[in-house]
Every structure is written in C-alpha cells, then in structure tokens.
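Peer 1: So that you have it, the file is final_27.txt, and it contains compact mmCIF, N, CA and C atoms:
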```
# COMPACT_ATOMS: atom_id res chain seq x y z
N MET A 15 0.86 -1.17 0.00
CA MET A 15 0.00 0.00 0.00
C MET A 15 0.90 1.24 0.00
N PRO A 16 0.65 2.23 -0.87
CA PRO A 16 1.46 3.45 -0.89
C PRO A 16 1.42 4.17 0.44
N LEU A 17 2.52 4.84 0.79
CA LEU A 17 2.65 5.48 2.09
C LEU A 17 1.55 6.52 2.32
N LEU A 18 1.18 7.28 1.31
CA LEU A 18 0.13 8.28 1.48
C LEU A 18 -1.20 7.62 1.85
N THR A 19 -1.47 6.47 1.28
CA THR A 19 -2.69 5.73 1.61
C THR A 19 -2.63 5.24 3.05
N VAL A 20 -1.47 4.75 3.47
CA VAL A 20 -1.30 4.31 4.86
C VAL A 20 -1.52 5.49 5.81
N ASP A 21 -0.95 6.65 5.47
CA ASP A 21 -1.14 7.84 6.30
C ASP A 21 -2.61 8.20 6.41
N LEU A 22 -3.32 8.14 5.30
CA LEU A 22 -4.75 8.47 5.29
C LEU A 22 -5.55 7.50 6.15
N VAL A 23 -5.26 6.22 6.05
CA VAL A 23 -5.95 5.21 6.86
C VAL A 23 -5.66 5.44 8.34
N GLU A 24 -4.40 5.71 8.68
CA GLU A 24 -4.05 5.93 10.08
C GLU A 24 -4.66 7.23 10.61
N ALA A 25 -4.73 8.26 9.79
CA ALA A 25 -5.37 9.51 10.21
C ALA A 25 -6.85 9.27 10.49
N SER A 26 -7.48 8.47 9.66
CA SER A 26 -8.88 8.14 9.86
C SER A 26 -9.08 7.38 11.16
N LYS A 27 -8.21 6.41 11.41
CA LYS A 27 -8.29 5.64 12.66
C LYS A 27 -8.10 6.55 13.87
N ALA A 28 -7.11 7.44 13.79
CA ALA A 28 -6.82 8.33 14.91
C ALA A 28 -7.99 9.26 15.20
N SER A 29 -8.60 9.80 14.15
CA SER A 29 -9.70 10.74 14.36
C SER A 29 -10.96 10.04 14.88
N SER A 30 -11.10 8.75 14.61
CA SER A 30 -12.28 8.02 15.09
C SER A 30 -12.04 7.37 16.45
N GLY A 31 -10.80 7.44 16.94
CA GLY A 31 -10.48 6.81 18.22
C GLY A 31 -10.22 5.32 18.12
N ALA A 32 -10.07 4.81 16.88
CA ALA A 32 -9.88 3.38 16.68
C ALA A 32 -8.41 2.97 16.56
N MET A 33 -7.50 3.91 16.74
CA MET A 33 -6.08 3.58 16.61
C MET A 33 -5.52 3.12 17.95
N PRO A 34 -4.94 1.94 17.99
CA PRO A 34 -4.35 1.48 19.25
C PRO A 34 -3.03 2.19 19.52
N PHE A 35 -2.80 2.51 20.77
CA PHE A 35 -1.55 3.14 21.18
C PHE A 35 -0.85 2.24 22.17
N ALA A 36 0.46 2.20 22.07
CA ALA A 36 1.27 1.46 23.04
C ALA A 36 2.09 2.48 23.81
N LEU A 37 1.44 3.16 24.75
CA LEU A 37 2.11 4.23 25.48
C LEU A 37 3.08 3.66 26.50
N GLU A 38 4.24 4.30 26.54
CA GLU A 38 5.25 3.96 27.54
C GLU A 38 6.07 5.19 27.81
N THR A 39 6.68 5.26 28.96
CA THR A 39 7.52 6.41 29.29
C THR A 39 8.85 6.25 28.57
N ARG A 40 9.15 7.23 27.73
CA ARG A 40 10.39 7.22 26.95
C ARG A 40 11.06 8.59 27.07
N ASP A 41 12.36 8.62 26.90
CA ASP A 41 13.11 9.87 26.87
C ASP A 41 13.03 10.41 25.44
N VAL A 42 12.18 11.42 25.23
CA VAL A 42 12.00 11.93 23.87
C VAL A 42 13.26 12.64 23.37
N ALA A 43 14.11 13.10 24.27
CA ALA A 43 15.38 13.69 23.83
C ALA A 43 16.25 12.60 23.18
N GLU A 44 16.28 11.43 23.79
CA GLU A 44 17.06 10.32 23.23
C GLU A 44 16.45 9.83 21.91
N LEU A 45 15.13 9.72 21.86
CA LEU A 45 14.48 9.31 20.62
C LEU A 45 14.78 10.31 19.50
N THR A 46 14.80 11.58 19.82
CA THR A 46 15.09 12.61 18.82
C THR A 46 16.55 12.51 18.37
N ARG A 47 17.47 12.31 19.30
CA ARG A 47 18.89 12.14 18.93
C ARG A 47 19.06 10.94 18.01
N GLN A 48 18.37 9.84 18.33
CA GLN A 48 18.46 8.65 17.48
C GLN A 48 17.92 8.94 16.08
N SER A 49 16.81 9.66 16.01
CA SER A 49 16.23 10.01 14.71
C SER A 49 17.18 10.88 13.91
N LEU A 50 17.81 11.85 14.55
CA LEU A 50 18.77 12.71 13.87
C LEU A 50 19.95 11.88 13.36
N GLY A 51 20.36 10.88 14.15
CA GLY A 51 21.43 9.99 13.72
C GLY A 51 21.04 9.20 12.48
N GLU A 52 19.79 8.73 12.45
CA GLU A 52 19.29 7.98 11.29
C GLU A 52 19.31 8.85 10.04
N TYR A 53 19.17 10.14 10.20
CA TYR A 53 19.10 11.06 9.07
C TYR A 53 20.45 11.68 8.71
N SER A 54 21.51 11.36 9.43
CA SER A 54 22.78 12.05 9.22
C SER A 54 23.27 11.98 7.77
N GLU A 55 23.15 10.84 7.13
CA GLU A 55 23.60 10.73 5.74
C GLU A 55 22.71 11.55 4.81
N ARG A 56 21.43 11.54 5.04
CA ARG A 56 20.53 12.34 4.21
C ARG A 56 20.79 13.83 4.38
N PHE A 57 21.05 14.25 5.63
CA PHE A 57 21.38 15.66 5.87
C PHE A 57 22.62 16.06 5.08
N GLU A 58 23.63 15.20 5.15
CA GLU A 58 24.87 15.49 4.42
C GLU A 58 24.61 15.55 2.92
N LYS A 59 23.83 14.61 2.42
CA LYS A 59 23.54 14.55 0.98
C LYS A 59 22.83 15.81 0.48
N VAL A 60 21.90 16.35 1.28
CA VAL A 60 21.15 17.54 0.85
C VAL A 60 21.75 18.84 1.37
N GLY A 61 22.87 18.75 2.10
CA GLY A 61 23.56 19.95 2.56
C GLY A 61 22.92 20.64 3.75
N LEU A 62 22.30 19.88 4.64
CA LEU A 62 21.74 20.45 5.87
C LEU A 62 22.65 20.17 7.05
N THR A 63 22.81 21.18 7.90
CA THR A 63 23.60 21.00 9.10
C THR A 63 22.68 21.10 10.31
N PRO A 64 22.45 19.97 11.01
CA PRO A 64 21.61 20.05 12.20
C PRO A 64 22.33 20.76 13.34
N VAL A 65 21.63 21.66 13.99
CA VAL A 65 22.13 22.36 15.18
C VAL A 65 21.19 21.97 16.30
N VAL A 66 21.69 21.14 17.21
CA VAL A 66 20.83 20.56 18.24
C VAL A 66 21.10 21.24 19.58
N ASP A 67 20.03 21.67 20.24
CA ASP A 67 20.10 22.26 21.57
C ASP A 67 19.47 21.25 22.53
N PRO A 68 20.26 20.28 23.00
CA PRO A 68 19.68 19.22 23.83
C PRO A 68 19.33 19.72 25.23
N PRO A 69 18.32 19.13 25.83
CA PRO A 69 18.00 19.49 27.21
C PRO A 69 19.10 19.00 28.15
N ALA A 70 19.25 19.68 29.28
CA ALA A 70 20.29 19.31 30.24
C ALA A 70 20.00 17.96 30.89
N GLN A 71 18.74 17.59 30.98
CA GLN A 71 18.36 16.34 31.62
C GLN A 71 17.45 15.55 30.68
N PRO A 72 17.25 14.26 30.98
CA PRO A 72 16.31 13.48 30.16
C PRO A 72 14.95 14.17 30.11
N LEU A 73 14.23 13.91 29.04
CA LEU A 73 12.92 14.52 28.83
C LEU A 73 11.88 13.41 28.70
N PRO A 74 11.45 12.85 29.86
CA PRO A 74 10.52 11.72 29.80
C PRO A 74 9.11 12.16 29.40
N ALA A 75 8.47 11.31 28.61
CA ALA A 75 7.08 11.54 28.21
C ALA A 75 6.46 10.19 27.90
N ARG A 76 5.14 10.11 28.08
CA ARG A 76 4.42 8.87 27.72
C ARG A 76 4.04 8.99 26.26
N VAL A 77 4.70 8.18 25.44
CA VAL A 77 4.48 8.22 23.99
C VAL A 77 4.41 6.80 23.44
N ASP A 78 3.86 6.69 22.25
CA ASP A 78 3.96 5.46 21.48
C ASP A 78 5.22 5.64 20.64
N GLY A 79 6.24 4.86 20.90
CA GLY A 79 7.52 5.02 20.22
C GLY A 79 7.42 4.95 18.71
N ARG A 80 6.58 4.08 18.19
CA ARG A 80 6.42 3.92 16.74
C ARG A 80 5.80 5.18 16.13
N LEU A 81 4.76 5.69 16.78
CA LEU A 81 4.10 6.89 16.25
C LEU A 81 4.97 8.13 16.42
N PHE A 82 5.73 8.18 17.51
CA PHE A 82 6.64 9.31 17.72
C PHE A 82 7.71 9.31 16.63
N TRP A 83 8.24 8.11 16.31
CA TRP A 83 9.21 8.00 15.23
C TRP A 83 8.59 8.48 13.91
N ARG A 84 7.36 8.09 13.63
CA ARG A 84 6.70 8.51 12.38
C ARG A 84 6.59 10.01 12.30
N ALA A 85 6.27 10.66 13.42
CA ALA A 85 6.18 12.12 13.43
C ALA A 85 7.54 12.76 13.16
N LEU A 86 8.57 12.25 13.83
CA LEU A 86 9.92 12.78 13.59
C LEU A 86 10.39 12.50 12.17
N ASP A 87 10.10 11.30 11.69
CA ASP A 87 10.47 10.92 10.33
C ASP A 87 9.82 11.88 9.33
N ASN A 88 8.56 12.21 9.56
CA ASN A 88 7.85 13.14 8.69
C ASN A 88 8.50 14.52 8.73
N LEU A 89 8.78 15.03 9.92
CA LEU A 89 9.38 16.36 10.06
C LEU A 89 10.77 16.42 9.42
N LEU A 90 11.60 15.42 9.72
CA LEU A 90 12.97 15.43 9.20
C LEU A 90 12.98 15.19 7.69
N GLY A 91 12.09 14.32 7.22
CA GLY A 91 11.98 14.08 5.79
C GLY A 91 11.58 15.34 5.04
N ASN A 92 10.61 16.08 5.60
CA ASN A 92 10.21 17.34 4.97
C ASN A 92 11.34 18.36 4.98
N ALA A 93 12.12 18.38 6.05
CA ALA A 93 13.27 19.29 6.09
C ALA A 93 14.25 18.95 4.97
N CYS A 94 14.50 17.67 4.77
CA CYS A 94 15.41 17.25 3.70
C CYS A 94 14.86 17.61 2.32
N LYS A 95 13.56 17.51 2.15
CA LYS A 95 12.94 17.79 0.85
C LYS A 95 12.86 19.28 0.55
N TYR A 96 12.55 20.09 1.57
CA TYR A 96 12.16 21.47 1.29
C TYR A 96 13.11 22.55 1.80
N ALA A 97 14.06 22.21 2.65
CA ALA A 97 14.99 23.23 3.15
C ALA A 97 16.02 23.57 2.07
N MET A 98 16.48 24.80 2.11
CA MET A 98 17.50 25.20 1.14
C MET A 98 18.81 24.49 1.45
N PRO A 99 19.48 23.96 0.44
CA PRO A 99 20.79 23.33 0.66
C PRO A 99 21.77 24.33 1.27
N GLY A 100 22.64 23.82 2.11
CA GLY A 100 23.65 24.66 2.74
C GLY A 100 23.14 25.45 3.92
N THR A 101 21.97 25.08 4.46
CA THR A 101 21.41 25.80 5.60
C THR A 101 21.46 24.93 6.85
N ARG A 102 21.04 25.50 7.95
CA ARG A 102 21.02 24.79 9.22
C ARG A 102 19.61 24.35 9.56
N LEU A 103 19.53 23.24 10.27
CA LEU A 103 18.26 22.72 10.78
C LEU A 103 18.35 22.79 12.31
N TYR A 104 17.61 23.71 12.90
CA TYR A 104 17.65 23.89 14.35
C TYR A 104 16.66 22.96 15.02
N VAL A 105 17.16 22.22 16.02
CA VAL A 105 16.33 21.30 16.79
C VAL A 105 16.49 21.64 18.26
N THR A 106 15.42 22.10 18.88
CA THR A 106 15.45 22.49 20.28
C THR A 106 14.38 21.71 21.02
N LEU A 107 14.76 21.11 22.13
CA LEU A 107 13.82 20.36 22.96
C LEU A 107 13.75 21.02 24.33
N ALA A 108 12.55 21.18 24.84
CA ALA A 108 12.36 21.78 26.17
C ALA A 108 11.23 21.06 26.88
N GLY A 109 11.32 21.01 28.17
CA GLY A 109 10.29 20.35 28.96
C GLY A 109 9.39 21.32 29.63
```
Once you've parsed the file, please lay out its structure as structure tokens.
Peer 2:
Amino acid sequence: MPLLTVDLVEASKASSGAMPFALETRDVAELTRQSLGEYSERFEKVGLTPVVDPPAQPLPARVDGRLFWRALDNLLGNACKYAMPGTRLYVTLAG
C-alpha cells in the first residue's frame, strides 16, 4: 500500500479513536537524537547542518515510540525535501 494511503488510513483511525496506542515512558530527547542519527547521511547529501540544543536532563514523556518516530520521520523528511541546501536545521527540545 502506498505510504500516502497508509497515512490516510491511520489519520482516519486516529480521528475516530480506533487507533491502538502502546504508550510507555520514553526519553524523547534520546528518541530525537536517534532520529537525527538515522538522518545524518541524508542531511549530508542535501547539505543540511543540524544544530541541536539538547535538554540538560532526560525529557521523559508517555508516547507510542512507533508513532513518535513517524512524526519525527515526517518532520525530518520534509526538512530534507524542502529546506535550502547549505542551511542549518535547528532542533530544540524543552520540557
């Protein structure tokens, strides 16, 4: 199934309350760092320099790790597609 179709189906499930969540306490700062690491080659390829302002302490939150990754993947993917080459990507996390 094409990704856009999957997104549409999941959006429909979320809006109807039919989407299952596997909530757990996770350090979203660590999840974000891991996501940025996954994108390091793509950033280099498109000429983006991430500038990360990490929190001084862990940033715990109850999230579904899979859905949180999808949100970050969407944001970082859009940055790679639409940001001007040779620019910075600022990432700031605060609690």
Peer 1: Choose the residue, out of A:Arg40, A:Arg47, A:Arg102, A:Arg84, that has the smallest atom-to-atom separation from A:Pro72; count all atoms listed in the file.
Peer 2: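 Among the listed residues, the smallest separation from A:Pro72 belongs to A:Arg40.
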Peer 1: Record the distance separating atom CA of A:Gly91 and atom CA of A:Ala70, expressed in Å with one decimal.
Peer 2: 26.3 Å
Peer 1: Please provide the set of residues having any atom within 5 Å of stretch 92-100 of chain A, restricted to only N, CA and C atoms, with same-chain residues fewer than 4 positions apart removed, written as JSON, numbers by chain.
Peer 2: {"A": [60, 61, 62, 88]}
Peer 1: Scan for residues within 5 Å of the point (16.7, 21.0, 19.7) in the coordinates of the file, using all atoms listed in the file, and reply as a tab-separated table (two decimals) with N, CA and C atoms, in the coordinates of the input.
Peer 2:
```tsv
chain	number	residue	atom	x	y	z
A	66	VAL	N	21.69	21.14	17.21
A	66	VAL	CA	20.83	20.56	18.24
A	66	VAL	C	21.10	21.24	19.58
A	67	ASP	N	20.03	21.67	20.24
A	67	ASP	CA	20.10	22.26	21.57
A	67	ASP	C	19.47	21.25	22.53
A	68	PRO	N	20.26	20.28	23.00
A	68	PRO	CA	19.68	19.22	23.83
A	68	PRO	C	19.33	19.72	25.23
A	105	VAL	N	17.16	22.22	16.02
A	105	VAL	CA	16.33	21.30	16.79
A	105	VAL	C	16.49	21.64	18.26
A	106	THR	N	15.42	22.10	18.88
A	106	THR	CA	15.45	22.49	20.28
A	106	THR	C	14.38	21.71	21.02
A	107	LEU	N	14.76	21.11	22.13
A	107	LEU	CA	13.82	20.36	22.96
A	107	LEU	C	13.75	21.02	24.33
```
Peer 1: Identify which of the residues A:Ala108, A:Ala43, A:Leu73, A:Val65 lies closest to A:Leu86, counting only C-alpha atoms when measuring atom-to-atom distances.
Peer 2: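 Using only C-alpha atoms, the shortest distance to A:Leu86 belongs to A:Ala43.
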Peer 1: If you run DSSP on the backbone, which residues of chain A are strand (DSSP E), as a short mmCIF file (atom, residue, chain, number, x, y, z; two decimals) with N, CA and C atoms, in the coordinates of the input?
Peer 2:
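Listed below is the output, states-v9.cif:
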```
data_model
loop_
_atom_site.label_atom_id
_atom_site.label_comp_id
_atom_site.auth_asym_id
_atom_site.auth_seq_id
_atom_site.Cartn_x
_atom_site.Cartn_y
_atom_site.Cartn_z
N LEU A 37 1.44 3.16 24.75
CA LEU A 37 2.11 4.23 25.48
C LEU A 37 3.08 3.66 26.50
N GLU A 38 4.24 4.30 26.54
CA GLU A 38 5.25 3.96 27.54
C GLU A 38 6.07 5.19 27.81
N THR A 39 6.68 5.26 28.96
CA THR A 39 7.52 6.41 29.29
C THR A 39 8.85 6.25 28.57
N ARG A 40 9.15 7.23 27.73
CA ARG A 40 10.39 7.22 26.95
C ARG A 40 11.06 8.59 27.07
N ASP A 41 12.36 8.62 26.90
CA ASP A 41 13.11 9.87 26.87
C ASP A 41 13.03 10.41 25.44
N LEU A 62 22.30 19.88 4.64
CA LEU A 62 21.74 20.45 5.87
C LEU A 62 22.65 20.17 7.05
N THR A 63 22.81 21.18 7.90
CA THR A 63 23.60 21.00 9.10
C THR A 63 22.68 21.10 10.31
N PRO A 64 22.45 19.97 11.01
CA PRO A 64 21.61 20.05 12.20
C PRO A 64 22.33 20.76 13.34
N VAL A 65 21.63 21.66 13.99
CA VAL A 65 22.13 22.36 15.18
C VAL A 65 21.19 21.97 16.30
N VAL A 66 21.69 21.14 17.21
CA VAL A 66 20.83 20.56 18.24
C VAL A 66 21.10 21.24 19.58
N ASP A 67 20.03 21.67 20.24
CA ASP A 67 20.10 22.26 21.57
C ASP A 67 19.47 21.25 22.53
N PRO A 74 11.45 12.85 29.86
CA PRO A 74 10.52 11.72 29.80
C PRO A 74 9.11 12.16 29.40
N ALA A 75 8.47 11.31 28.61
CA ALA A 75 7.08 11.54 28.21
C ALA A 75 6.46 10.19 27.90
N ARG A 76 5.14 10.11 28.08
CA ARG A 76 4.42 8.87 27.72
C ARG A 76 4.04 8.99 26.26
N VAL A 77 4.70 8.18 25.44
CA VAL A 77 4.48 8.22 23.99
C VAL A 77 4.41 6.80 23.44
N ASP A 78 3.86 6.69 22.25
CA ASP A 78 3.96 5.46 21.48
C ASP A 78 5.22 5.64 20.64
N THR A 101 21.97 25.08 4.46
CA THR A 101 21.41 25.80 5.60
C THR A 101 21.46 24.93 6.85
N ARG A 102 21.04 25.50 7.95
CA ARG A 102 21.02 24.79 9.22
C ARG A 102 19.61 24.35 9.56
N LEU A 103 19.53 23.24 10.27
CA LEU A 103 18.26 22.72 10.78
C LEU A 103 18.35 22.79 12.31
N TYR A 104 17.61 23.71 12.90
CA TYR A 104 17.65 23.89 14.35
C TYR A 104 16.66 22.96 15.02
N VAL A 105 17.16 22.22 16.02
CA VAL A 105 16.33 21.30 16.79
C VAL A 105 16.49 21.64 18.26
N THR A 106 15.42 22.10 18.88
CA THR A 106 15.45 22.49 20.28
C THR A 106 14.38 21.71 21.02
#
```
Peer 1: What is the distance, in Å and to one decimal place, between atom C of A:Arg76 and atom C of A:Val42?
Peer 2: 10.3 Å
Peer 1: Write out as a count of residues only the set of residues from chain A that DSSP, computed on the backbone, places in helix (DSSP H, G or I).
Peer 2: 50
Peer 1: For atom CA of A:Val77 and atom N of A:Tyr53, determine how far apart the two atoms are, in Å to one decimal place.
Peer 2: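 Going from atom CA of A:Val77 over to atom N of A:Tyr53 covers 20.2 Å.
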